[in-house]
Amino acid sequence: EYMGLSIANLNVSLLASECSVQWSYESKWYATMLAPLVVVSAFVFFAAALAGLRRCVAVPWLPEVRVTAVVSSTLMLGSFAYMTLAKHAIEPFDCTQTADGRWRLDAAPDIFCFTERWRRLLGPAVAAVVLYAVGIPAAMLVVIVAFRRSLDD
């Protein structure tokens, strides 16, 4: 019903890339977790490069780069992507016991939980939960508290 709204959450599953490219669950999971870091890193890099260029060369058409604009843009991206990132970050912890008594990963039933393959996801999954599920709201709280006086204006 609401698949169209998933576009706003940057849901990679809408692309149905499995039809044309053979992705393992792990590859797709890593791509989903790393994509926002790549985008934010590129954004910060280009903003820093633009600021450096503006300092070195007096070109009037170059826009001024403000740190607050970079931070607010990053937080806006985080707020849009939060639900999808948090959902995918906790996926490796969601296992169900099947009729045969084995535990399978709900997002990828071909992966048996508590096996070596599953354990390889645990460290990155914990880091993703801390970075995305906890980190994005924490960053927003820090910014709101830091700028609470200017929010009244």
# chains A, B, ... in the order shown; residues from 1 in each chain; ligands from 1
$ select_by_dssp --residues "region 3-149 of chain A" --states "alpha helix (DSSP H)" --output "PyMOL selection string"
chain A and resi 25-56+67-90+116-128+135-146+148-149
$ closest_atom_pairs --of "region 21-92 of chain A" --to "region 121-134 of chain A" --cutoff "10 Å" --atoms "only C-alpha atoms" --output "JSON lines"
{"residue": "A:Glu26", "atom": "CA", "partner": "A:Leu121", "partner_atom": "CA", "distance": 7.6}
{"residue": "A:Trp29", "atom": "CA", "partner": "A:Leu121", "partner_atom": "CA", "distance": 9.3}
{"residue": "A:Tyr30", "atom": "CA", "partner": "A:Pro124", "partner_atom": "CA", "distance": 8.6}
{"residue": "A:Met33", "atom": "CA", "partner": "A:Ala128", "partner_atom": "CA", "distance": 6.9}
{"residue": "A:Leu34", "atom": "CA", "partner": "A:Ala128", "partner_atom": "CA", "distance": 9.3}
{"residue": "A:Pro36", "atom": "CA", "partner": "A:Tyr132", "partner_atom": "CA", "distance": 9.8}
{"residue": "A:Gly78", "atom": "CA", "partner": "A:Tyr132", "partner_atom": "CA", "distance": 8.3}
{"residue": "A:Ala81", "atom": "CA", "partner": "A:Tyr132", "partner_atom": "CA", "distance": 9.3}
{"residue": "A:Tyr82", "atom": "CA", "partner": "A:Tyr132", "partner_atom": "CA", "distance": 6.9}
{"residue": "A:Met83", "atom": "CA", "partner": "A:Ala133", "partner_atom": "CA", "distance": 8.3}
{"residue": "A:Thr84", "atom": "CA", "partner": "A:Tyr132", "partner_atom": "CA", "distance": 9.7}
{"residue": "A:Leu85", "atom": "CA", "partner": "A:Tyr132", "partner_atom": "CA", "distance": 6.3}
{"residue": "A:Ala86", "atom": "CA", "partner": "A:Ala133", "partner_atom": "CA", "distance": 4.7}
{"residue": "A:Lys87", "atom": "CA", "partner": "A:Ala133", "partner_atom": "CA", "distance": 8.2}
{"residue": "A:His88", "atom": "CA", "partner": "A:Ala128", "partner_atom": "CA", "distance": 8.7}
{"residue": "A:Ala89", "atom": "CA", "partner": "A:Val129", "partner_atom": "CA", "distance": 5.3}
{"residue": "A:Ile90", "atom": "CA", "partner": "A:Val129", "partner_atom": "CA", "distance": 6.4}
{"residue": "A:Glu91", "atom": "CA", "partner": "A:Ala125", "partner_atom": "CA", "distance": 8.2}
{"residue": "A:Pro92", "atom": "CA", "partner": "A:Ala125", "partner_atom": "CA", "distance": 6.7}
$ write_last_selection --atoms "C-alpha atoms" --output "mmCIF file, in the first residue's frame"
data_model
loop_
_atom_site.group_PDB
_atom_site.id
_atom_site.type_symbol
_atom_site.label_atom_id
_atom_site.label_comp_id
_atom_site.auth_asym_id
_atom_site.auth_seq_id
_atom_site.Cartn_x
_atom_site.Cartn_y
_atom_site.Cartn_z
ATOM 1 C CA GLU A 26 25.307 -9.359 3.552
ATOM 2 C CA TRP A 29 23.009 -4.947 4.085
ATOM 3 C CA TYR A 30 26.521 -3.443 3.944
ATOM 4 C CA MET A 33 24.556 0.777 5.929
ATOM 5 C CA LEU A 34 27.488 2.388 4.106
ATOM 6 C CA PRO A 36 24.674 7.307 3.969
ATOM 7 C CA GLY A 78 19.436 11.553 8.679
ATOM 8 C CA ALA A 81 16.690 7.954 6.210
ATOM 9 C CA TYR A 82 16.310 7.180 9.923
ATOM 10 C CA MET A 83 13.487 4.627 9.782
ATOM 11 C CA THR A 84 15.060 2.607 6.979
ATOM 12 C CA LEU A 85 18.546 2.722 8.498
ATOM 13 C CA ALA A 86 17.348 1.784 11.990
ATOM 14 C CA LYS A 87 15.235 -1.069 10.584
ATOM 15 C CA HIS A 88 18.115 -2.479 8.552
ATOM 16 C CA ALA A 89 20.592 -1.969 11.412
ATOM 17 C CA ILE A 90 18.593 -4.245 13.736
ATOM 18 C CA GLU A 91 17.719 -6.866 11.089
ATOM 19 C CA PRO A 92 20.635 -9.187 11.946
#
$ select_by_dssp --residues "chain A" --states "strand (DSSP E)" --output "VMD selection string"
chain A and resid 95 to 97 103 to 105 108 to 112
$ residues_around --residues "Cys113 (chain A)" --least-positions-apart "5" --cutoff "12 Å" --atoms "only C-alpha atoms" --output "ChimeraX atom specification"
/A:91-98,101-108,118-122
$ write_last_selection --atoms "N, CA and C atoms" --output "PDB file, in the first residue's frame"
ATOM      1  N   GLU A  91      18.110  -5.624  11.769  1.00  0.00           N
ATOM      2  CA  GLU A  91      17.719  -6.866  11.089  1.00  0.00           C
ATOM      3  C   GLU A  91      18.536  -8.086  11.482  1.00  0.00           C
ATOM      4  N   PRO A  92      19.865  -7.988  11.602  1.00  0.00           N
ATOM      5  CA  PRO A  92      20.635  -9.187  11.946  1.00  0.00           C
ATOM      6  C   PRO A  92      20.301  -9.783  13.318  1.00  0.00           C
ATOM      7  N   PHE A  93      19.590  -9.060  14.141  1.00  0.00           N
ATOM      8  CA  PHE A  93      19.225  -9.572  15.467  1.00  0.00           C
ATOM      9  C   PHE A  93      17.849 -10.247  15.477  1.00  0.00           C
ATOM     10  N   ASP A  94      17.144 -10.202  14.355  1.00  0.00           N
ATOM     11  CA  ASP A  94      15.779 -10.713  14.287  1.00  0.00           C
ATOM     12  C   ASP A  94      15.761 -12.134  13.726  1.00  0.00           C
ATOM     13  N   CYS A  95      15.815 -13.114  14.616  1.00  0.00           N
ATOM     14  CA  CYS A  95      15.832 -14.525  14.227  1.00  0.00           C
ATOM     15  C   CYS A  95      14.561 -15.203  14.732  1.00  0.00           C
ATOM     16  N   THR A  96      14.121 -16.209  13.984  1.00  0.00           N
ATOM     17  CA  THR A  96      12.929 -16.963  14.351  1.00  0.00           C
ATOM     18  C   THR A  96      13.264 -18.454  14.304  1.00  0.00           C
ATOM     19  N   GLN A  97      12.778 -19.174  15.294  1.00  0.00           N
ATOM     20  CA  GLN A  97      12.981 -20.618  15.315  1.00  0.00           C
ATOM     21  C   GLN A  97      11.945 -21.282  14.406  1.00  0.00           C
ATOM     22  N   THR A  98      12.415 -22.091  13.479  1.00  0.00           N
ATOM     23  CA  THR A  98      11.523 -22.750  12.527  1.00  0.00           C
ATOM     24  C   THR A  98      11.098 -24.114  13.073  1.00  0.00           C
ATOM     25  N   GLY A 101      13.518 -26.657  14.360  1.00  0.00           N
ATOM     26  CA  GLY A 101      14.271 -26.322  15.566  1.00  0.00           C
ATOM     27  C   GLY A 101      15.458 -25.409  15.326  1.00  0.00           C
ATOM     28  N   ARG A 102      15.728 -25.054  14.089  1.00  0.00           N
ATOM     29  CA  ARG A 102      16.858 -24.172  13.780  1.00  0.00           C
ATOM     30  C   ARG A 102      16.384 -22.728  13.748  1.00  0.00           C
ATOM     31  N   TRP A 103      17.288 -21.848  14.073  1.00  0.00           N
ATOM     32  CA  TRP A 103      16.992 -20.421  14.065  1.00  0.00           C
ATOM     33  C   TRP A 103      17.433 -19.840  12.739  1.00  0.00           C
ATOM     34  N   ARG A 104      16.541 -19.076  12.086  1.00  0.00           N
ATOM     35  CA  ARG A 104      16.844 -18.438  10.807  1.00  0.00           C
ATOM     36  C   ARG A 104      16.653 -16.932  10.926  1.00  0.00           C
ATOM     37  N   LEU A 105      17.465 -16.230  10.152  1.00  0.00           N
ATOM     38  CA  LEU A 105      17.354 -14.782  10.085  1.00  0.00           C
ATOM     39  C   LEU A 105      16.090 -14.437   9.305  1.00  0.00           C
ATOM     40  N   ASP A 106      15.217 -13.644   9.883  1.00  0.00           N
ATOM     41  CA  ASP A 106      13.945 -13.322   9.234  1.00  0.00           C
ATOM     42  C   ASP A 106      14.134 -12.601   7.900  1.00  0.00           C
ATOM     43  N   ALA A 107      15.097 -11.709   7.819  1.00  0.00           N
ATOM     44  CA  ALA A 107      15.316 -10.938   6.594  1.00  0.00           C
ATOM     45  C   ALA A 107      15.942 -11.783   5.481  1.00  0.00           C
ATOM     46  N   ALA A 108      16.622 -12.858   5.850  1.00  0.00           N
ATOM     47  CA  ALA A 108      17.274 -13.743   4.878  1.00  0.00           C
ATOM     48  C   ALA A 108      17.211 -15.169   5.411  1.00  0.00           C
ATOM     49  N   TRP A 118      26.424 -15.803  10.358  1.00  0.00           N
ATOM     50  CA  TRP A 118      25.594 -14.842  11.092  1.00  0.00           C
ATOM     51  C   TRP A 118      26.454 -14.008  12.036  1.00  0.00           C
ATOM     52  N   ARG A 119      27.419 -14.651  12.705  1.00  0.00           N
ATOM     53  CA  ARG A 119      28.266 -13.937  13.675  1.00  0.00           C
ATOM     54  C   ARG A 119      29.115 -12.848  13.018  1.00  0.00           C
ATOM     55  N   ARG A 120      29.458 -13.043  11.735  1.00  0.00           N
ATOM     56  CA  ARG A 120      30.242 -12.014  11.032  1.00  0.00           C
ATOM     57  C   ARG A 120      29.471 -10.705  10.891  1.00  0.00           C
ATOM     58  N   LEU A 121      28.158 -10.754  10.969  1.00  0.00           N
ATOM     59  CA  LEU A 121      27.336  -9.537  10.878  1.00  0.00           C
ATOM     60  C   LEU A 121      27.179  -8.827  12.222  1.00  0.00           C
ATOM     61  N   LEU A 122      27.435  -9.523  13.321  1.00  0.00           N
ATOM     62  CA  LEU A 122      27.133  -8.961  14.639  1.00  0.00           C
ATOM     63  C   LEU A 122      27.898  -7.679  14.963  1.00  0.00           C
TER      64      LEU A 122
END
